[in-house]
>>> print(open('input-v9.cif').read())   # mmCIF, C-alpha atoms (C1' of nucleotides)
data_target
#
loop_
_atom_site.group_PDB
_atom_site.id
_atom_site.type_symbol
_atom_site.label_atom_id
_atom_site.label_comp_id
_atom_site.auth_asym_id
_atom_site.auth_seq_id
_atom_site.Cartn_x
_atom_site.Cartn_y
_atom_site.Cartn_z
ATOM 1 C CA MET A 1 99.747 -8.613 25.805
ATOM 2 C CA SER A 2 97.043 -6.636 24.187
ATOM 3 C CA LYS A 3 97.799 -3.151 25.423
ATOM 4 C CA LYS A 4 101.031 -2.824 27.316
ATOM 5 C CA GLU A 5 103.639 -5.344 28.165
ATOM 6 C CA LEU A 6 103.408 -4.780 31.866
ATOM 7 C CA PRO A 7 100.310 -5.571 33.923
ATOM 8 C CA VAL A 8 98.990 -3.482 36.744
ATOM 9 C CA LEU A 9 101.403 -5.051 39.100
ATOM 10 C CA GLN A 10 103.743 -2.149 38.776
ATOM 11 C CA PRO A 11 102.152 -0.121 41.568
ATOM 12 C CA ALA A 12 102.159 -3.064 43.911
ATOM 13 C CA GLN A 13 105.879 -3.424 44.323
ATOM 14 C CA SER A 14 107.220 0.064 44.049
ATOM 15 C CA VAL A 15 104.118 1.850 45.180
ATOM 16 C CA PRO A 16 104.311 5.535 45.849
ATOM 17 C CA GLY A 17 101.509 5.572 48.365
ATOM 18 C CA LEU A 18 102.301 2.297 49.998
ATOM 19 C CA PRO A 19 105.785 2.586 51.419
ATOM 20 C CA GLY A 20 104.744 4.146 54.678
ATOM 21 C CA VAL A 21 102.092 1.650 55.432
ATOM 22 C CA LEU A 22 103.896 -1.518 54.685
ATOM 23 C CA CYS A 23 107.137 -0.357 56.133
ATOM 24 C CA CYS A 24 107.406 -0.573 59.829
ATOM 25 C CA THR A 25 104.690 1.222 61.684
ATOM 26 C CA PRO A 26 103.020 -1.194 64.091
ATOM 27 C CA LEU A 27 99.283 -1.035 63.752
ATOM 28 C CA ALA A 28 98.863 -0.745 67.486
ATOM 29 C CA ARG A 29 101.320 2.062 68.001
ATOM 30 C CA GLU A 30 99.712 5.067 66.445
ATOM 31 C CA PRO A 31 96.444 5.734 64.602
ATOM 32 C CA LEU A 32 96.583 4.701 60.998
ATOM 33 C CA GLY A 33 96.201 7.458 58.435
ATOM 34 C CA GLU A 34 93.347 7.440 55.964
ATOM 35 C CA ALA A 35 95.501 6.847 52.885
ATOM 36 C CA ASP A 36 97.587 4.222 54.605
ATOM 37 C CA ALA A 37 94.486 2.404 55.762
ATOM 38 C CA THR A 38 93.139 2.321 52.221
ATOM 39 C CA ASP A 39 96.324 0.836 50.860
ATOM 40 C CA LEU A 40 96.718 -1.636 53.664
ATOM 41 C CA ALA A 41 93.119 -2.753 53.327
ATOM 42 C CA LYS A 42 93.823 -3.802 49.763
ATOM 43 C CA VAL A 43 96.495 -6.206 50.918
ATOM 44 C CA PHE A 44 94.293 -7.699 53.600
ATOM 45 C CA LYS A 45 91.462 -7.960 51.103
ATOM 46 C CA ALA A 46 93.713 -10.026 48.899
ATOM 47 C CA LEU A 47 94.135 -12.449 51.782
ATOM 48 C CA ALA A 48 90.477 -12.371 52.769
ATOM 49 C CA ASP A 49 89.408 -15.316 50.658
ATOM 50 C CA PRO A 50 89.788 -19.020 51.444
ATOM 51 C CA VAL A 51 90.893 -19.957 47.957
ATOM 52 C CA ARG A 52 93.498 -17.217 47.826
ATOM 53 C CA LEU A 53 94.801 -18.117 51.266
ATOM 54 C CA ARG A 54 95.211 -21.722 50.226
ATOM 55 C CA LEU A 55 96.775 -20.666 46.951
ATOM 56 C CA PHE A 56 99.223 -18.461 48.764
ATOM 57 C CA SER A 57 100.070 -21.104 51.318
ATOM 58 C CA LEU A 58 100.389 -23.736 48.636
ATOM 59 C CA ILE A 59 102.768 -21.656 46.571
ATOM 60 C CA ALA A 60 104.836 -20.737 49.610
ATOM 61 C CA SER A 61 105.232 -24.303 50.752
ATOM 62 C CA PHE A 62 105.892 -25.692 47.301
ATOM 63 C CA GLU A 63 109.147 -27.397 46.639
ATOM 64 C CA GLY A 64 111.569 -24.760 45.471
ATOM 65 C CA GLY A 65 109.206 -21.994 46.502
ATOM 66 C CA GLN A 66 107.671 -21.896 43.053
ATOM 67 C CA ALA A 67 104.647 -23.451 41.443
ATOM 68 C CA CYS A 68 103.147 -23.279 38.004
ATOM 69 C CA VAL A 69 99.427 -22.774 37.623
ATOM 70 C CA CYS A 70 99.039 -26.363 36.521
ATOM 71 C CA ASP A 71 100.351 -27.447 39.915
ATOM 72 C CA LEU A 72 97.653 -25.425 41.638
ATOM 73 C CA THR A 73 94.426 -25.863 39.725
ATOM 74 C CA GLY A 74 94.062 -29.508 40.615
ATOM 75 C CA GLU A 75 93.944 -28.715 44.327
ATOM 76 C CA PHE A 76 90.757 -26.687 44.118
ATOM 77 C CA ASP A 77 87.132 -27.177 43.236
ATOM 78 C CA VAL A 78 86.956 -23.985 41.232
ATOM 79 C CA SER A 79 87.621 -23.543 37.547
ATOM 80 C CA GLN A 80 90.953 -22.638 36.046
ATOM 81 C CA PRO A 81 89.932 -19.084 35.110
ATOM 82 C CA THR A 82 88.907 -18.538 38.710
ATOM 83 C CA ILE A 83 92.337 -19.665 39.896
ATOM 84 C CA SER A 84 93.868 -17.326 37.364
ATOM 85 C CA HIS A 85 91.750 -14.501 38.687
ATOM 86 C CA HIS A 86 92.788 -15.150 42.280
ATOM 87 C CA LEU A 87 96.439 -15.313 41.309
ATOM 88 C CA LYS A 88 96.087 -11.938 39.677
ATOM 89 C CA VAL A 89 94.628 -10.505 42.867
ATOM 90 C CA LEU A 90 97.537 -11.856 44.885
ATOM 91 C CA ARG A 91 99.976 -10.494 42.344
ATOM 92 C CA ASP A 92 98.388 -7.047 42.252
ATOM 93 C CA ALA A 93 98.607 -6.935 46.023
ATOM 94 C CA GLY A 94 102.328 -7.551 45.881
ATOM 95 C CA LEU A 95 102.032 -10.845 47.687
ATOM 96 C CA VAL A 96 103.356 -13.043 44.905
ATOM 97 C CA GLY A 97 105.489 -12.640 41.818
ATOM 98 C CA SER A 98 105.118 -14.449 38.534
ATOM 99 C CA GLU A 99 107.063 -15.250 35.425
ATOM 100 C CA ARG A 100 106.380 -17.151 32.246
ATOM 101 C CA ARG A 101 108.843 -19.882 31.390
ATOM 102 C CA GLY A 102 107.992 -21.618 28.174
ATOM 103 C CA THR A 103 104.513 -23.006 28.306
ATOM 104 C CA TRP A 104 104.117 -22.564 32.033
ATOM 105 C CA VAL A 105 103.679 -19.564 34.282
ATOM 106 C CA TYR A 106 105.359 -19.823 37.657
ATOM 107 C CA TYR A 107 104.342 -18.050 40.844
ATOM 108 C CA TRP A 108 106.304 -17.466 44.034
ATOM 109 C CA VAL A 109 105.745 -15.650 47.297
ATOM 110 C CA LEU A 110 107.266 -12.231 47.840
ATOM 111 C CA PRO A 111 108.532 -12.540 51.393
ATOM 112 C CA ARG A 112 109.039 -8.839 51.874
ATOM 113 C CA THR A 113 105.366 -7.987 51.725
ATOM 114 C CA LEU A 114 104.633 -10.890 54.009
ATOM 115 C CA GLY A 115 107.209 -9.835 56.551
ATOM 116 C CA ARG A 116 105.944 -6.290 56.552
ATOM 117 C CA LEU A 117 102.418 -7.429 57.232
ATOM 118 C CA SER A 118 103.684 -9.573 60.056
ATOM 119 C CA GLY A 119 105.484 -6.644 61.596
ATOM 120 C CA LEU A 120 102.437 -4.445 61.262
ATOM 121 C CA LEU A 121 100.345 -6.909 63.189
ATOM 122 C CA ALA A 122 102.825 -7.448 65.960
ATOM 123 C CA PRO A 123 101.265 -6.390 69.259
ATOM 124 C CA ALA A 124 102.591 -3.020 70.302
ATOM 125 C CA GLU A 125 103.856 -3.863 73.731
ATOM 126 C CA THR A 126 103.293 -7.431 74.688
ATOM 127 C CA GLY A 127 101.007 -7.969 77.570
ATOM 128 C CA ALA A 128 100.323 -4.346 78.227
ATOM 129 C CA LEU A 129 96.569 -4.406 77.990
ATOM 130 C CA VAL A 130 94.026 -6.894 79.084
ATOM 131 C CA MET B 1 76.946 -9.149 75.545
ATOM 132 C CA SER B 2 73.448 -8.948 74.326
ATOM 133 C CA LYS B 3 73.511 -12.368 72.790
ATOM 134 C CA LYS B 4 75.354 -15.548 73.513
ATOM 135 C CA GLU B 5 77.285 -15.655 70.299
ATOM 136 C CA LEU B 6 80.954 -16.418 70.369
ATOM 137 C CA PRO B 7 83.675 -15.128 68.094
ATOM 138 C CA VAL B 8 84.311 -17.067 64.944
ATOM 139 C CA LEU B 9 87.716 -18.179 65.920
ATOM 140 C CA GLN B 10 86.665 -19.931 69.028
ATOM 141 C CA PRO B 11 87.070 -23.354 67.419
ATOM 142 C CA ALA B 12 90.528 -22.438 66.339
ATOM 143 C CA GLN B 13 91.875 -22.207 69.824
ATOM 144 C CA SER B 14 90.164 -25.159 71.410
ATOM 145 C CA VAL B 15 90.292 -27.763 68.691
ATOM 146 C CA PRO B 16 93.170 -30.173 69.177
ATOM 147 C CA GLY B 17 93.017 -31.625 65.707
ATOM 148 C CA LEU B 18 93.486 -28.393 63.863
ATOM 149 C CA PRO B 19 95.187 -25.991 66.163
ATOM 150 C CA GLY B 20 96.939 -24.800 63.080
ATOM 151 C CA VAL B 21 94.855 -21.904 61.984
ATOM 152 C CA LEU B 22 95.320 -19.197 64.496
ATOM 153 C CA CYS B 23 97.791 -20.988 66.646
ATOM 154 C CA CYS B 24 101.251 -21.255 65.332
ATOM 155 C CA THR B 25 101.443 -22.752 61.894
ATOM 156 C CA PRO B 26 103.241 -20.352 59.615
ATOM 157 C CA LEU B 27 101.287 -19.790 56.441
ATOM 158 C CA ALA B 28 104.351 -20.505 54.381
ATOM 159 C CA ARG B 29 105.280 -23.777 56.023
ATOM 160 C CA GLU B 30 102.621 -26.180 54.885
ATOM 161 C CA PRO B 31 99.521 -25.952 52.686
ATOM 162 C CA LEU B 32 96.565 -24.524 54.530
ATOM 163 C CA GLY B 33 93.583 -26.817 54.949
ATOM 164 C CA GLU B 34 90.214 -25.915 53.546
ATOM 165 C CA ALA B 35 88.503 -25.393 56.902
ATOM 166 C CA ASP B 36 91.432 -23.474 58.315
ATOM 167 C CA ALA B 37 91.514 -21.249 55.277
ATOM 168 C CA THR B 38 87.835 -20.455 55.689
ATOM 169 C CA ASP B 39 88.262 -19.462 59.321
ATOM 170 C CA LEU B 40 91.384 -17.476 58.675
ATOM 171 C CA ALA B 41 89.789 -15.654 55.758
ATOM 172 C CA LYS B 42 87.114 -14.336 58.104
ATOM 173 C CA VAL B 43 89.717 -12.647 60.248
ATOM 174 C CA PHE B 44 91.484 -11.115 57.289
ATOM 175 C CA LYS B 45 88.154 -10.004 55.895
ATOM 176 C CA ALA B 46 87.533 -8.145 59.120
ATOM 177 C CA LEU B 47 90.747 -6.231 58.526
ATOM 178 C CA ALA B 48 90.090 -5.710 54.832
ATOM 179 C CA ASP B 49 88.358 -2.369 55.194
ATOM 180 C CA PRO B 50 89.949 1.054 55.640
ATOM 181 C CA VAL B 51 87.487 2.186 58.278
ATOM 182 C CA ARG B 52 87.910 -0.982 60.309
ATOM 183 C CA LEU B 53 91.681 -0.792 60.058
ATOM 184 C CA ARG B 54 91.647 2.765 61.333
ATOM 185 C CA LEU B 55 89.167 1.846 64.037
ATOM 186 C CA PHE B 56 91.342 -1.000 65.145
ATOM 187 C CA SER B 57 94.492 1.082 65.102
ATOM 188 C CA LEU B 58 92.748 3.912 66.895
ATOM 189 C CA ILE B 59 91.477 1.674 69.668
ATOM 190 C CA ALA B 60 94.852 0.002 70.049
ATOM 191 C CA SER B 61 96.718 3.236 70.358
ATOM 192 C CA PHE B 62 94.182 4.895 72.623
ATOM 193 C CA GLU B 63 95.252 6.030 76.025
ATOM 194 C CA GLY B 64 94.683 3.121 78.372
ATOM 195 C CA GLY B 65 94.093 0.766 75.479
ATOM 196 C CA GLN B 66 90.378 1.383 75.606
ATOM 197 C CA ALA B 67 88.008 3.687 73.808
ATOM 198 C CA CYS B 68 84.280 4.215 73.921
ATOM 199 C CA VAL B 69 82.331 4.513 70.710
ATOM 200 C CA CYS B 70 81.893 8.213 71.297
ATOM 201 C CA ASP B 71 85.653 8.595 71.146
ATOM 202 C CA LEU B 72 85.741 6.964 67.750
ATOM 203 C CA THR B 73 82.819 8.287 65.751
ATOM 204 C CA GLY B 74 84.211 11.794 65.471
ATOM 205 C CA GLU B 75 87.282 10.565 63.653
ATOM 206 C CA PHE B 76 85.392 9.243 60.638
ATOM 207 C CA ASP B 77 83.244 10.544 57.853
ATOM 208 C CA VAL B 78 80.734 7.744 58.145
ATOM 209 C CA SER B 79 77.639 7.667 60.295
ATOM 210 C CA GLN B 80 77.604 6.367 63.827
ATOM 211 C CA PRO B 81 75.550 3.268 62.962
ATOM 212 C CA THR B 82 78.172 2.399 60.395
ATOM 213 C CA ILE B 83 80.889 2.662 63.031
ATOM 214 C CA SER B 84 78.839 0.413 65.251
ATOM 215 C CA HIS B 85 78.528 -2.080 62.427
ATOM 216 C CA HIS B 86 82.270 -2.127 61.837
ATOM 217 C CA LEU B 87 82.961 -2.574 65.534
ATOM 218 C CA LYS B 88 80.696 -5.571 65.537
ATOM 219 C CA VAL B 89 82.627 -7.090 62.640
ATOM 220 C CA LEU B 90 85.897 -6.600 64.511
ATOM 221 C CA ARG B 91 84.380 -8.086 67.635
ATOM 222 C CA ASP B 92 82.953 -11.116 65.836
ATOM 223 C CA ALA B 93 86.371 -11.749 64.358
ATOM 224 C CA GLY B 94 87.904 -11.858 67.811
ATOM 225 C CA LEU B 95 90.055 -8.826 67.157
ATOM 226 C CA VAL B 96 88.557 -6.612 69.843
ATOM 227 C CA GLY B 97 86.604 -7.051 73.027
ATOM 228 C CA SER B 98 83.876 -4.802 74.368
ATOM 229 C CA GLU B 99 82.026 -4.040 77.565
ATOM 230 C CA ARG B 100 79.280 -1.694 78.568
ATOM 231 C CA ARG B 101 80.059 0.578 81.475
ATOM 232 C CA GLY B 102 77.156 2.809 82.335
ATOM 233 C CA THR B 103 76.147 4.857 79.364
ATOM 234 C CA TRP B 104 79.200 4.060 77.330
ATOM 235 C CA VAL B 105 80.483 0.962 75.566
ATOM 236 C CA TYR B 106 84.219 0.474 75.624
ATOM 237 C CA TYR B 107 86.308 -1.430 73.119
ATOM 238 C CA TRP B 108 89.833 -2.781 73.392
ATOM 239 C CA VAL B 109 92.166 -4.830 71.246
ATOM 240 C CA LEU B 110 92.604 -8.523 71.936
ATOM 241 C CA PRO B 111 96.357 -8.895 71.548
ATOM 242 C CA ARG B 112 96.278 -12.675 71.348
ATOM 243 C CA THR B 113 94.446 -12.767 68.037
ATOM 244 C CA LEU B 114 96.739 -10.070 66.735
ATOM 245 C CA GLY B 115 99.845 -11.949 67.757
ATOM 246 C CA ARG B 116 98.619 -15.146 66.192
ATOM 247 C CA LEU B 117 97.999 -13.400 62.911
ATOM 248 C CA SER B 118 101.450 -11.917 63.071
ATOM 249 C CA GLY B 119 102.979 -15.321 63.614
ATOM 250 C CA LEU B 120 101.002 -16.800 60.780
ATOM 251 C CA LEU B 121 102.317 -14.213 58.391
ATOM 252 C CA ALA B 122 105.904 -14.508 59.479
ATOM 253 C CA PRO B 123 108.024 -15.754 56.596
ATOM 254 C CA ALA B 124 108.501 -19.482 57.044
ATOM 255 C CA GLU B 125 112.116 -19.645 58.004
ATOM 256 C CA THR B 126 113.893 -16.487 57.191
ATOM 257 C CA GLY B 127 115.890 -17.034 54.107
ATOM 258 C CA ALA B 128 114.970 -20.660 53.750
ATOM 259 C CA LEU B 129 112.555 -20.427 50.875
ATOM 260 C CA VAL B 130 113.054 -18.007 48.080
ATOM 261 C "C1'" DT C 1 101.724 -23.988 8.644
ATOM 262 C "C1'" DG C 2 98.463 -26.204 11.791
ATOM 263 C "C1'" DT C 3 97.315 -28.066 16.177
ATOM 264 C "C1'" DC C 4 97.428 -28.704 20.933
ATOM 265 C "C1'" DA C 5 98.264 -27.339 25.831
ATOM 266 C "C1'" DA C 6 98.691 -23.744 29.356
ATOM 267 C "C1'" DC C 7 96.948 -19.349 31.111
ATOM 268 C "C1'" DA C 8 94.663 -15.021 30.706
ATOM 269 C "C1'" DT C 9 90.771 -12.056 29.664
ATOM 270 C "C1'" DA C 10 85.842 -10.776 28.879
ATOM 271 C "C1'" DG C 11 81.192 -10.725 29.984
ATOM 272 C "C1'" DA C 12 77.415 -12.222 32.836
ATOM 273 C "C1'" DC C 13 75.174 -13.483 37.019
ATOM 274 C "C1'" DG C 14 74.073 -14.171 41.985
ATOM 275 C "C1'" DT C 15 75.571 -13.012 46.477
ATOM 276 C "C1'" DA C 16 78.026 -10.404 49.905
ATOM 277 C "C1'" DT C 17 79.379 -5.934 51.699
ATOM 278 C "C1'" DG C 18 79.408 -0.929 53.107
ATOM 279 C "C1'" DT C 19 76.522 2.683 53.719
ATOM 280 C "C1'" DC C 20 72.527 5.293 55.098
ATOM 281 C "C1'" DG C 21 68.241 6.903 57.780
ATOM 282 C "C1'" DA C 22 64.866 5.418 61.008
ATOM 283 C "C1'" DA C 23 63.678 3.013 64.910
ATOM 284 C "C1'" DG C 24 64.734 0.250 69.135
ATOM 285 C "C1'" DA C 25 67.122 -0.805 73.732
ATOM 286 C "C1'" DA C 26 69.625 0.609 77.871
ATOM 287 C "C1'" DG C 27 71.091 3.870 81.416
ATOM 288 C "C1'" DG C 28 71.490 8.303 83.777
ATOM 289 C "C1'" DA C 29 69.273 12.718 85.383
ATOM 290 C "C1'" DG C 30 65.462 15.294 86.632
ATOM 291 C "C1'" DC D 1 57.556 8.602 85.508
ATOM 292 C "C1'" DT D 2 59.648 11.471 81.339
ATOM 293 C "C1'" DC D 3 63.403 13.100 78.725
ATOM 294 C "C1'" DC D 4 67.927 12.793 76.900
ATOM 295 C "C1'" DT D 5 72.209 10.538 75.526
ATOM 296 C "C1'" DT D 6 74.676 6.517 73.868
ATOM 297 C "C1'" DC D 7 74.795 2.752 71.162
ATOM 298 C "C1'" DT D 8 72.676 -1.180 68.473
ATOM 299 C "C1'" DT D 9 69.529 -3.147 65.197
ATOM 300 C "C1'" DC D 10 66.622 -2.957 61.074
ATOM 301 C "C1'" DG D 11 65.489 -2.381 56.152
ATOM 302 C "C1'" DA D 12 66.900 -0.674 51.964
ATOM 303 C "C1'" DC D 13 70.055 0.490 48.484
ATOM 304 C "C1'" DA D 14 74.220 0.640 45.268
ATOM 305 C "C1'" DT D 15 78.465 -1.310 44.620
ATOM 306 C "C1'" DA D 16 82.048 -4.840 44.923
ATOM 307 C "C1'" DC D 17 83.273 -9.618 44.727
ATOM 308 C "C1'" DG D 18 83.598 -14.662 43.461
ATOM 309 C "C1'" DT D 19 82.294 -17.666 40.177
ATOM 310 C "C1'" DC D 20 81.155 -19.510 35.765
ATOM 311 C "C1'" DT D 21 81.377 -20.259 30.442
ATOM 312 C "C1'" DA D 22 83.248 -18.663 26.289
ATOM 313 C "C1'" DT D 23 86.953 -16.737 23.926
ATOM 314 C "C1'" DG D 24 91.732 -14.895 23.276
ATOM 315 C "C1'" DT D 25 96.823 -15.287 23.581
ATOM 316 C "C1'" DT D 26 101.080 -17.464 23.919
ATOM 317 C "C1'" DG D 27 104.435 -21.011 23.272
ATOM 318 C "C1'" DA D 28 105.863 -25.878 21.881
ATOM 319 C "C1'" DC D 29 106.009 -29.232 18.402
ATOM 320 C "C1'" DA D 30 105.245 -31.856 14.110
#
>>> encode(input="input-v9.cif", output="structure tokens")
Amino acid sequence: MSKKELPVLQPAQSVPGLPGVLCCTPLAREPLGEADATDLAKVFKALADPVRLRLFSLIASFEGGQACVCDLTGEFDVSQPTISHHLKVLRDAGLVGSERRGTWVYYWVLPRTLGRLSGLLAPAETGALV
Amino acid sequence: MSKKELPVLQPAQSVPGLPGVLCCTPLAREPLGEADATDLAKVFKALADPVRLRLFSLIASFEGGQACVCDLTGEFDVSQPTISHHLKVLRDAGLVGSERRGTWVYYWVLPRTLGRLSGLLAPAETGALV
DNA sequence: TGTCAACATAGACGTATGTCGAAGAAGGAG
DNA sequence: CTCCTTCTTCGACATACGTCTATGTTGACA
């Protein structure tokens, strides 16, 4: 790396501001705080793109749960740098992890973030309203 | 309401060929199709804003499950037209419903869309992959 | 050492998005 | 009818975002 050895992904997994949000509070239980909303929005924003959604889904359903970038680029109509950019967004959001092994860089889904999101979106009390 | 337009995810619930999107296909089970990804991204995009997340959470946790716009505007630092804009985005995404009653317009959460999203994000089979 | 392949980064460019103030539409009260 | 309140729509603006090409970095191999 040019500057430091670790990318910006540090904050995404051990975030100081994020633990409350992505922990266990159902979205529909109590009003979301301002800081929590900001952090949570970043995660949703990472998923708010068709290419990233397909990338994420593709990685998750890959054999062995891992895929190198070369496995992914062929599936899309966008250029390789664009794929790289989207992978970085997913990584910064804590949705995927990555590691370089030899020539290739492998990506995998971080199930914890995914599960937390799922829990957040679970309807508060099923069938209560409307 | 004023117009005849239907939420974006209408096709997702009536199409037999691709019921996958907002129905029951876990994101991490099989690669997401291009069309499905586009539709799904619109829903996530609707949630990818701090104000909209707080709006959504606020409506959901409101007494009675409903809130008029006047109940919401005071909670934010943005102008009332901006709130109205965000509510429209949430409504177009199928996340909330709305109805005019007299002078006021009430909004409520549509739990079905929420539940579908939650199911989509659920880790494929817990512990199966990665 | 040199060369090639796999990814990442940088800069640029067009479009989308969030925000505002001003104006419009829809009801209620008088 | 007129006035007021509530909410939506309309332009306009600055910023953020997705994409590209070009270039940089890293590792394998001869």
>>> resolve_selection(input="input-v9.cif", expression="the PyMOL selection byres ((chain A and resi 79) around 12)", output="PyMOL selection string")
(chain A and resi 51+69-70+72-78+80-86) or (chain D and resi 18-21)
>>> resolve_selection(input="input-v9.cif", expression="the PyMOL selection byres ((chain C) within 12 of (chain A))", output="VMD selection string")
chain C and resid 4 to 10
>>> write_last_selection(input="input-v9.cif", atoms="C-alpha atoms (C1' of nucleotides)", output="PDB file, in the frame of the given file")
ATOM      1  C1'  DC C   4      97.428 -28.704  20.933  1.00  0.00           C
ATOM      2  C1'  DA C   5      98.264 -27.339  25.831  1.00  0.00           C
ATOM      3  C1'  DA C   6      98.691 -23.744  29.356  1.00  0.00           C
ATOM      4  C1'  DC C   7      96.948 -19.349  31.111  1.00  0.00           C
ATOM      5  C1'  DA C   8      94.663 -15.021  30.706  1.00  0.00           C
ATOM      6  C1'  DT C   9      90.771 -12.056  29.664  1.00  0.00           C
ATOM      7  C1'  DA C  10      85.842 -10.776  28.879  1.00  0.00           C
TER       8       DA C  10
END
>>> resolve_selection(input="input-v9.cif", expression="the PyMOL selection byres ((chain B) within 7 of (chain A))", output="NGL selection string")
:B and (27-32 or 37-38 or 41-42 or 44-45 or 47-50 or 53-54 or 57-58 or 60-61 or 65 or 111 or 114-115 or 117-119 or 121-123 or 129-130)
>>> atom_distance(input="input-v9.cif", atom1="CA of Tyr106 (chain A)", atom2="C1' of DA12 (chain C)")
29.4 Å
>>> atom_distance(input="input-v9.cif", atom1="CA of Gly94 (chain B)", atom2="CA of Leu87 (chain A)")
28.1 Å
>>> atom_distance(input="input-v9.cif", atom1="C1' of DG27 (chain D)", atom2="CA of Val96 (chain A)")
23.1 Å
>>> interface_residues(input="input-v9.cif", of="chain D", to="chain B", cutoff="12 Å", atoms="only C-alpha atoms (C1' of nucleotides)", output="PyMOL selection string")
chain D and resi 4-10
>>> closest_residue(input="input-v9.cif", among="D:DA30, D:DA12, D:DC17, D:DC1", to="DC13 (chain C)", atoms="only C-alpha atoms (C1' of nucleotides)")
D:DC17
>>> axis_aligned_box(input="input-v9.cif", around="region 33-42 of chain A", padding_each_side="4 Å", output="lines of an AutoDock Vina configuration file")
center_x = 95.4
center_y = 1.8
center_z = 54.1
size_x = 12.5
size_y = 19.3
size_z = 16.7
>>> decode(input="input-v9.cif", residues="region 21-72 of chain B", atoms="C-alpha atoms", output="short mmCIF file (atom, residue, chain, number, x, y, z; two decimals), in the first residue's frame")
data_model
loop_
_atom_site.label_atom_id
_atom_site.label_comp_id
_atom_site.auth_asym_id
_atom_site.auth_seq_id
_atom_site.Cartn_x
_atom_site.Cartn_y
_atom_site.Cartn_z
CA VAL B 21 -37.01 -10.46 -5.52
CA LEU B 22 -39.15 -9.42 -2.66
CA CYS B 23 -40.72 -12.74 -2.03
CA CYS B 24 -38.61 -15.29 -0.36
CA THR B 25 -35.33 -15.89 -2.09
CA PRO B 26 -32.53 -15.32 0.36
CA LEU B 27 -29.91 -13.03 -1.09
CA ALA B 28 -27.20 -15.46 -0.16
CA ARG B 29 -28.76 -18.53 -1.71
CA GLU B 30 -28.48 -17.95 -5.41
CA PRO B 31 -27.11 -15.17 -7.63
CA LEU B 32 -29.54 -12.32 -8.00
CA GLY B 33 -30.83 -11.66 -11.49
CA GLU B 34 -30.26 -8.36 -13.19
CA ALA B 35 -33.90 -7.25 -13.16
CA ASP B 36 -34.42 -8.39 -9.60
CA ALA B 37 -31.32 -6.54 -8.50
CA THR B 38 -32.59 -3.35 -10.10
CA ASP B 39 -35.93 -3.57 -8.32
CA LEU B 40 -34.40 -4.49 -5.02
CA ALA B 41 -31.87 -1.68 -5.24
CA LYS B 42 -34.72 0.81 -5.41
CA VAL B 43 -36.04 -0.34 -2.07
CA PHE B 44 -32.64 -0.21 -0.44
CA LYS B 45 -32.06 3.19 -1.96
CA ALA B 46 -35.21 4.38 -0.26
CA LEU B 47 -33.72 3.33 3.05
CA ALA B 48 -30.28 4.71 2.27
CA ASP B 49 -30.85 8.13 3.79
CA PRO B 50 -30.67 9.11 7.46
CA VAL B 51 -33.77 11.28 7.34
CA ARG B 52 -35.82 8.59 5.63
CA LEU B 53 -34.63 5.95 8.06
CA ARG B 54 -35.65 8.11 11.00
CA LEU B 55 -38.94 8.94 9.33
CA PHE B 56 -39.64 5.31 8.76
CA SER B 57 -38.68 4.33 12.28
CA LEU B 58 -40.67 7.20 13.71
CA ILE B 59 -43.81 6.27 11.81
CA ALA B 60 -43.44 2.61 12.72
CA SER B 61 -43.07 3.29 16.39
CA PHE B 62 -45.79 5.92 16.54
CA GLU B 63 -48.74 5.35 18.77
CA GLY B 64 -51.33 3.52 16.71
CA GLY B 65 -48.83 2.86 13.96
CA GLN B 66 -49.84 6.01 12.15
CA ALA B 67 -48.55 9.54 12.04
CA CYS B 68 -49.56 12.64 10.15
CA VAL B 69 -46.92 14.76 8.50
CA CYS B 70 -47.37 17.41 11.14
CA ASP B 71 -46.26 14.89 13.73
CA LEU B 72 -43.06 14.27 11.85
#
